[in-house]
Structures are given as structure tokens and as C-alpha cells.
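Source file: target.txt. Holds: compact mmCIF, C-alpha atoms.
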# COMPACT_ATOMS: atom_id res chain seq x y z
CA MET B 23 0.00 0.00 0.00
CA ALA B 24 1.35 3.36 -0.96
CA ILE B 25 1.02 6.27 1.41
CA VAL B 26 -0.85 9.14 -0.16
CA ILE B 27 -0.56 12.39 1.72
CA GLY B 28 -3.94 14.01 1.45
CA SER B 29 -5.23 17.33 2.66
CA ASP B 30 -6.14 15.80 6.04
CA PHE B 31 -2.41 15.54 6.77
CA GLY B 32 -2.65 19.27 7.41
CA TYR B 33 -4.22 18.39 10.78
CA THR B 34 -1.09 16.46 11.67
CA VAL B 35 1.06 19.39 10.54
CA LEU B 36 -0.99 21.72 12.76
CA ALA B 37 -0.37 19.43 15.72
CA VAL B 38 3.36 19.36 14.93
CA VAL B 39 3.44 23.16 14.73
CA GLY B 40 1.48 23.45 17.98
CA ILE B 41 3.80 21.13 19.87
CA THR B 42 6.85 22.89 18.44
CA LEU B 43 5.55 26.32 19.47
CA GLN B 44 4.58 25.05 22.92
CA CYS B 45 8.09 23.66 23.39
CA PHE B 46 9.56 27.00 22.30
CA VAL B 47 7.36 28.96 24.70
CA THR B 48 8.32 26.60 27.53
CA ALA B 49 12.01 27.23 26.77
CA MET B 50 11.40 30.98 26.74
CA GLY B 51 9.96 30.61 30.24
CA VAL B 52 13.42 29.52 31.37
CA ASN B 53 14.90 32.72 29.93
CA GLY B 54 12.40 34.75 31.93
CA ALA B 55 13.20 32.75 35.06
CA ARG B 56 16.92 33.35 34.55
CA LYS B 57 16.29 37.09 34.62
CA LYS B 58 13.83 36.93 37.51
CA TYR B 59 16.07 34.81 39.75
CA ASN B 60 19.39 36.19 38.42
CA ILE B 61 20.75 32.81 37.36
CA ASN B 62 22.95 33.53 34.37
CA TYR B 63 24.41 31.29 31.70
CA PRO B 64 26.02 28.78 31.74
CA ASP B 65 24.49 27.90 35.14
CA ASN B 66 21.69 25.33 34.82
CA GLY B 67 20.49 25.81 38.36
CA GLY B 68 23.17 23.97 40.25
CA GLY B 69 26.24 26.13 39.83
CA ARG B 70 27.94 29.30 40.95
CA TYR B 71 25.06 31.70 40.22
CA SER B 72 22.44 29.53 41.87
CA ASP B 73 24.48 29.55 45.09
CA LYS B 74 23.58 33.23 45.41
CA VAL B 75 19.77 32.79 45.45
CA SER B 76 17.50 31.72 48.27
CA ASP B 77 16.45 28.10 48.54
CA GLU B 78 12.89 29.09 47.61
CA ASP B 79 14.04 30.89 44.45
CA TRP B 80 16.36 28.01 43.57
CA VAL B 81 13.47 25.54 43.75
CA ALA B 82 11.22 27.85 41.73
CA PHE B 83 13.86 28.27 39.01
CA ASN B 84 14.58 24.56 38.84
CA ASN B 85 10.87 23.70 38.58
CA ILE B 86 10.64 25.96 35.53
CA LYS B 87 13.88 24.57 34.11
CA ARG B 88 12.75 20.96 34.55
CA THR B 89 9.51 21.57 32.65
CA SER B 90 11.58 22.78 29.70
CA ASP B 91 14.20 20.05 30.02
CA ASN B 92 11.53 17.37 30.21
CA TYR B 93 9.86 18.73 27.09
CA LEU B 94 13.17 18.75 25.22
CA GLU B 95 13.82 15.17 26.35
CA GLN B 96 10.54 13.98 24.83
CA VAL B 97 9.73 16.26 21.90
CA GLY B 98 11.79 14.32 19.35
CA MET B 99 10.06 11.02 20.09
CA VAL B 100 6.63 12.64 20.17
CA LEU B 101 7.05 14.45 16.85
CA VAL B 102 8.36 11.33 15.09
CA ALA B 103 5.48 9.23 16.39
CA LEU B 104 3.01 11.99 15.48
CA VAL B 105 4.22 12.28 11.88
CA LEU B 106 4.40 8.51 11.38
CA ALA B 107 0.91 7.99 12.79
CA GLY B 108 -0.32 10.97 10.79
CA LEU B 109 0.82 9.45 7.51
CA TYR B 110 -1.87 6.81 7.93
CA GLN B 111 -4.49 8.43 10.15
CA PRO B 112 -3.92 12.19 10.19
CA LYS B 113 -6.99 13.28 12.14
CA LEU B 114 -6.54 10.61 14.80
CA ALA B 115 -2.85 11.44 15.13
CA ALA B 116 -3.62 15.16 15.35
CA SER B 117 -6.15 14.52 18.11
CA PHE B 118 -3.53 12.56 20.08
CA GLY B 119 -1.09 15.42 19.45
CA ALA B 120 -3.60 17.96 20.77
CA THR B 121 -4.24 15.78 23.81
CA TYR B 122 -0.49 15.57 24.38
CA MET B 123 -0.32 19.37 24.31
CA LEU B 124 -3.08 19.62 26.92
CA GLY B 125 -1.26 17.11 29.10
CA ARG B 126 1.97 19.00 28.63
CA PHE B 127 0.27 22.24 29.69
CA ALA B 128 -1.18 20.61 32.82
CA TYR B 129 2.23 19.06 33.59
CA ALA B 130 4.07 22.38 33.28
CA TYR B 131 1.44 24.40 35.11
CA GLY B 132 1.33 21.93 37.97
CA TYR B 133 5.11 21.67 38.19
CA VAL B 134 5.70 25.43 38.18
CA ALA B 135 2.76 26.38 40.42
CA GLY B 136 2.86 23.52 42.91
CA GLY B 137 6.19 21.76 42.65
CA ALA B 138 7.24 18.38 41.36
CA ASP B 139 4.38 16.53 43.04
CA LYS B 140 1.80 18.51 41.05
CA ARG B 141 3.18 17.46 37.67
CA ILE B 142 1.22 14.25 38.09
CA TYR B 143 -1.93 15.88 36.70
CA GLY B 144 -0.44 16.17 33.23
CA ALA B 145 2.03 13.29 33.13
CA PRO B 146 -0.53 10.50 32.60
CA ILE B 147 -2.25 12.46 29.83
CA MET B 148 1.06 12.96 28.05
CA GLY B 149 2.06 9.34 28.53
CA VAL B 150 -1.19 7.90 27.23
CA SER B 151 -1.20 10.30 24.26
CA PHE B 152 2.37 9.40 23.33
CA LEU B 153 1.68 5.69 23.70
CA ALA B 154 -1.43 6.06 21.51
CA LEU B 155 0.71 7.70 18.81
CA VAL B 156 3.29 4.92 18.94
CA ILE B 157 0.60 2.23 18.83
CA THR B 158 -1.16 3.96 15.93
CA ALA B 159 2.06 4.25 13.95
CA GLY B 160 3.10 0.68 14.74
CA TYR B 161 -0.32 -0.79 13.98
CA ASN B 162 -0.47 0.92 10.61
CA ALA B 163 3.08 -0.08 9.76
CA VAL B 164 2.38 -3.73 10.57
CA THR B 165 -0.97 -3.86 8.75
CA THR B 166 0.46 -2.29 5.61
CA THR B 167 3.62 -4.42 5.48
CA ILE B 168 3.73 -7.69 7.40
CA LEU B 169 0.00 -8.37 7.31
CA ALA B 170 -0.63 -6.91 3.88
Translate the structure of the given file into C-alpha cells.
Amino acid sequence: MAIVIGSDFGYTVLAVVGITLQCFVTAMGVNGARKKYNINYPDNGGGRYSDKVSDEDWVAFNNIKRTSDNYLEQVGMVLVALVLAGLYQPKLAASFGATYMLGRFAYAYGYVAGGADKRIYGAPIMGVSFLALVITAGYNAVTTTILA
């Protein structure tokens, strides 16, 4: 079976763009936190500059930094799974991508506002959405090759 990229793939592209922009905005939040808490480059929150801030500010900065780092750790896998799933089922993949974005927002909001324990509200949503993308991509790959 040949993959034909139809106009519905635009939904997948919108999800890719949304996730990419959300990741960018999350990273920009770290820049704002650097200025607010006076933690300059190259300090990642555990170095010379962070020694000069209060414990409360250090925790606040690192919560913001971890939301960005966690996004960067996952965004490659998510985008690959999203595009691969979207080649076969673009609207379904885009819906999983949008759900991932909502989970990512809840994760970041909880982490920044309430600390590491509050990230739990978004983490399961992100995990299930990512797993759904991987399963969708894998299912379609198997049914169009091995089982074809």
C-alpha cells in the first residue's frame, strides 16, 4: 500500500506546529526565570550563580527549568510518532497530538505552580497520548507491510 498524503495531513502538521511552538514557549519561560532569579548562563540551576539565590528561588527556578528540560527530552520522540501515525491516520494522530499538548500544559502548570508533586496531573495524559501515537504508527506499519 502506498502512502498518499492528502489534505487531512494538514491536521497532523498543525499538531506538529502546535507542539513545536509550545516547546519554544516553555524554553522561553526559562529565559524569563533566569532574569527573575538572576541565574545567568552557563548555570543550569546547580552552579555558581544559583548559590547566590534563596532556597525558595532556587526551587522555583529549577521547577521551571525541569519543565523545559523534560519537554526537550521527549519532543523528538513525540514528533516522530506523530508524523508517522499521521501518515496513515492524520486526524486521529492530530487529536492525540492535541491531547499531548493539553497534558503537557497541565504538567508544566502543575510543576511550576505547585512543585514536582503537582506534575502528576499532566504526566498520565502525556504518557497515554504518546503511547497512543506509537501504537497507531506501529499498527499501521504492521498492517500495511507484514499483514498486507
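For the choices B:Asn85, B:Gln111, B:Thr167, B:Ser90, the atom-to-atom distance to Ala135 of chain B is smallest for B:Asn85 when using only C-alpha atoms.
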Where does segment 130-163 of chain B meet segment 51-75 of chain B within 12 Å, residue by residue, with the nearest atom pair and distance in Å to one decimal for each, counting only C-alpha atoms, listed by chain and rising number, as a Markdown table?
| residue | atom | partner | partner_atom | distance |
| --- | --- | --- | --- | --- |
| B:Ala130 | CA | B:Gly51 | CA | 10.6 |
| B:Tyr131 | CA | B:Gly51 | CA | 11.6 |
| B:Val134 | CA | B:Gly51 | CA | 10.4 |
Taking C-alpha atoms for each residue, export the selection above as a PDB file, in the coordinates of the input.
ATOM      1  CA  ALA B 130       4.070  22.380  33.280  1.00  0.00           C
ATOM      2  CA  TYR B 131       1.440  24.400  35.110  1.00  0.00           C
ATOM      3  CA  VAL B 134       5.700  25.430  38.180  1.00  0.00           C
TER       4      VAL B 134
END
- Could you please determine the separation between atom CA of Gly119 of chain B and atom CA of Leu169 of chain B in Å, to one decimal place?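 Distance reported for this atom pair: 26.7 Å.
Distances here use all atoms listed in the file; by that measure, the residue among B:Arg141, B:Lys113, B:Arg126, B:Lys87 closest to Val100 of chain B is B:Arg126.
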- Give the answer as one residue: which of B:Tyr143, B:Tyr161, B:Phe127, B:Trp80 has the shortest atom-to-atom distance to Tyr93 of chain B, using all atoms listed in the file? B:Phe127
Output segment 108-119 of chain B as a PDB file, in the coordinates of the input, making sure all heavy atoms are there.
ATOM      1  N   GLY B 108       0.442  10.074  11.647  1.00  0.00           N
ATOM      2  CA  GLY B 108      -0.320  10.970  10.790  1.00  0.00           C
ATOM      3  C   GLY B 108      -0.258  10.618   9.316  1.00  0.00           C
ATOM      4  O   GLY B 108      -1.148  11.000   8.550  1.00  0.00           O
ATOM      5  N   LEU B 109       0.756   9.887   8.905  1.00  0.00           N
ATOM      6  CA  LEU B 109       0.820   9.450   7.510  1.00  0.00           C
ATOM      7  C   LEU B 109      -0.335   8.524   7.163  1.00  0.00           C
ATOM      8  O   LEU B 109      -0.786   8.474   6.022  1.00  0.00           O
ATOM      9  CB  LEU B 109       2.153   8.751   7.226  1.00  0.00           C
ATOM     10  CG  LEU B 109       3.384   9.646   7.191  1.00  0.00           C
ATOM     11  CD1 LEU B 109       4.652   8.798   7.097  1.00  0.00           C
ATOM     12  CD2 LEU B 109       3.304  10.631   6.036  1.00  0.00           C
ATOM     13  N   TYR B 110      -0.791   7.770   8.146  1.00  0.00           N
ATOM     14  CA  TYR B 110      -1.870   6.810   7.930  1.00  0.00           C
ATOM     15  C   TYR B 110      -3.230   7.345   8.398  1.00  0.00           C
ATOM     16  O   TYR B 110      -4.238   7.132   7.741  1.00  0.00           O
ATOM     17  CB  TYR B 110      -1.570   5.504   8.673  1.00  0.00           C
ATOM     18  CG  TYR B 110      -0.361   4.783   8.150  1.00  0.00           C
ATOM     19  CD1 TYR B 110       0.881   4.944   8.741  1.00  0.00           C
ATOM     20  CD2 TYR B 110      -0.463   3.932   7.055  1.00  0.00           C
ATOM     21  CE1 TYR B 110       1.993   4.263   8.266  1.00  0.00           C
ATOM     22  CE2 TYR B 110       0.643   3.255   6.572  1.00  0.00           C
ATOM     23  CZ  TYR B 110       1.866   3.433   7.177  1.00  0.00           C
ATOM     24  OH  TYR B 110       2.963   2.769   6.703  1.00  0.00           O
ATOM     25  N   GLN B 111      -3.242   7.951   9.562  1.00  0.00           N
ATOM     26  CA  GLN B 111      -4.490   8.430  10.150  1.00  0.00           C
ATOM     27  C   GLN B 111      -4.279   9.846  10.692  1.00  0.00           C
ATOM     28  O   GLN B 111      -4.092  10.047  11.897  1.00  0.00           O
ATOM     29  CB  GLN B 111      -4.935   7.483  11.266  1.00  0.00           C
ATOM     30  CG  GLN B 111      -5.332   6.114  10.731  1.00  0.00           C
ATOM     31  CD  GLN B 111      -5.665   5.154  11.849  1.00  0.00           C
ATOM     32  OE1 GLN B 111      -4.781   4.723  12.579  1.00  0.00           O
ATOM     33  NE2 GLN B 111      -6.941   4.834  11.973  1.00  0.00           N
ATOM     34  N   PRO B 112      -4.293  10.829   9.795  1.00  0.00           N
ATOM     35  CA  PRO B 112      -3.920  12.190  10.190  1.00  0.00           C
ATOM     36  C   PRO B 112      -4.814  12.834  11.248  1.00  0.00           C
ATOM     37  O   PRO B 112      -4.306  13.492  12.154  1.00  0.00           O
ATOM     38  CB  PRO B 112      -3.947  12.966   8.880  1.00  0.00           C
ATOM     39  CG  PRO B 112      -4.677  12.126   7.900  1.00  0.00           C
ATOM     40  CD  PRO B 112      -4.575  10.718   8.365  1.00  0.00           C
ATOM     41  N   LYS B 113      -6.111  12.653  11.153  1.00  0.00           N
ATOM     42  CA  LYS B 113      -6.990  13.280  12.140  1.00  0.00           C
ATOM     43  C   LYS B 113      -6.845  12.633  13.514  1.00  0.00           C
ATOM     44  O   LYS B 113      -6.823  13.324  14.540  1.00  0.00           O
ATOM     45  CB  LYS B 113      -8.444  13.245  11.680  1.00  0.00           C
ATOM     46  CG  LYS B 113      -8.727  14.196  10.533  1.00  0.00           C
ATOM     47  CD  LYS B 113     -10.192  14.162  10.145  1.00  0.00           C
ATOM     48  CE  LYS B 113     -10.490  15.127   9.019  1.00  0.00           C
ATOM     49  NZ  LYS B 113     -11.912  15.079   8.620  1.00  0.00           N
ATOM     50  N   LEU B 114      -6.739  11.316  13.534  1.00  0.00           N
ATOM     51  CA  LEU B 114      -6.540  10.610  14.800  1.00  0.00           C
ATOM     52  C   LEU B 114      -5.211  11.022  15.434  1.00  0.00           C
ATOM     53  O   LEU B 114      -5.148  11.331  16.627  1.00  0.00           O
ATOM     54  CB  LEU B 114      -6.583   9.097  14.579  1.00  0.00           C
ATOM     55  CG  LEU B 114      -6.412   8.231  15.822  1.00  0.00           C
ATOM     56  CD1 LEU B 114      -7.554   8.462  16.805  1.00  0.00           C
ATOM     57  CD2 LEU B 114      -6.325   6.757  15.423  1.00  0.00           C
ATOM     58  N   ALA B 115      -4.172  11.042  14.625  1.00  0.00           N
ATOM     59  CA  ALA B 115      -2.850  11.440  15.130  1.00  0.00           C
ATOM     60  C   ALA B 115      -2.876  12.874  15.655  1.00  0.00           C
ATOM     61  O   ALA B 115      -2.322  13.164  16.721  1.00  0.00           O
ATOM     62  CB  ALA B 115      -1.800  11.294  14.029  1.00  0.00           C
ATOM     63  N   ALA B 116      -3.533  13.758  14.924  1.00  0.00           N
ATOM     64  CA  ALA B 116      -3.620  15.160  15.350  1.00  0.00           C
ATOM     65  C   ALA B 116      -4.371  15.280  16.675  1.00  0.00           C
ATOM     66  O   ALA B 116      -4.002  16.082  17.537  1.00  0.00           O
ATOM     67  CB  ALA B 116      -4.274  16.004  14.270  1.00  0.00           C
ATOM     68  N   SER B 117      -5.399  14.462  16.848  1.00  0.00           N
ATOM     69  CA  SER B 117      -6.150  14.520  18.110  1.00  0.00           C
ATOM     70  C   SER B 117      -5.277  14.029  19.264  1.00  0.00           C
ATOM     71  O   SER B 117      -5.322  14.599  20.358  1.00  0.00           O
ATOM     72  CB  SER B 117      -7.444  13.715  18.012  1.00  0.00           C
ATOM     73  OG  SER B 117      -7.193  12.339  17.913  1.00  0.00           O
ATOM     74  N   PHE B 118      -4.468  13.002  19.035  1.00  0.00           N
ATOM     75  CA  PHE B 118      -3.530  12.560  20.080  1.00  0.00           C
ATOM     76  C   PHE B 118      -2.478  13.634  20.343  1.00  0.00           C
ATOM     77  O   PHE B 118      -2.061  13.836  21.475  1.00  0.00           O
ATOM     78  CB  PHE B 118      -2.861  11.240  19.688  1.00  0.00           C
ATOM     79  CG  PHE B 118      -3.774  10.053  19.683  1.00  0.00           C
ATOM     80  CD1 PHE B 118      -3.603   9.037  18.750  1.00  0.00           C
ATOM     81  CD2 PHE B 118      -4.805   9.928  20.595  1.00  0.00           C
ATOM     82  CE1 PHE B 118      -4.433   7.932  18.733  1.00  0.00           C
ATOM     83  CE2 PHE B 118      -5.643   8.823  20.591  1.00  0.00           C
ATOM     84  CZ  PHE B 118      -5.456   7.817  19.652  1.00  0.00           C
ATOM     85  N   GLY B 119      -2.050  14.324  19.285  1.00  0.00           N
ATOM     86  CA  GLY B 119      -1.090  15.420  19.450  1.00  0.00           C
ATOM     87  C   GLY B 119      -1.683  16.557  20.267  1.00  0.00           C
ATOM     88  O   GLY B 119      -1.018  17.122  21.141  1.00  0.00           O
TER      89      GLY B 119
END
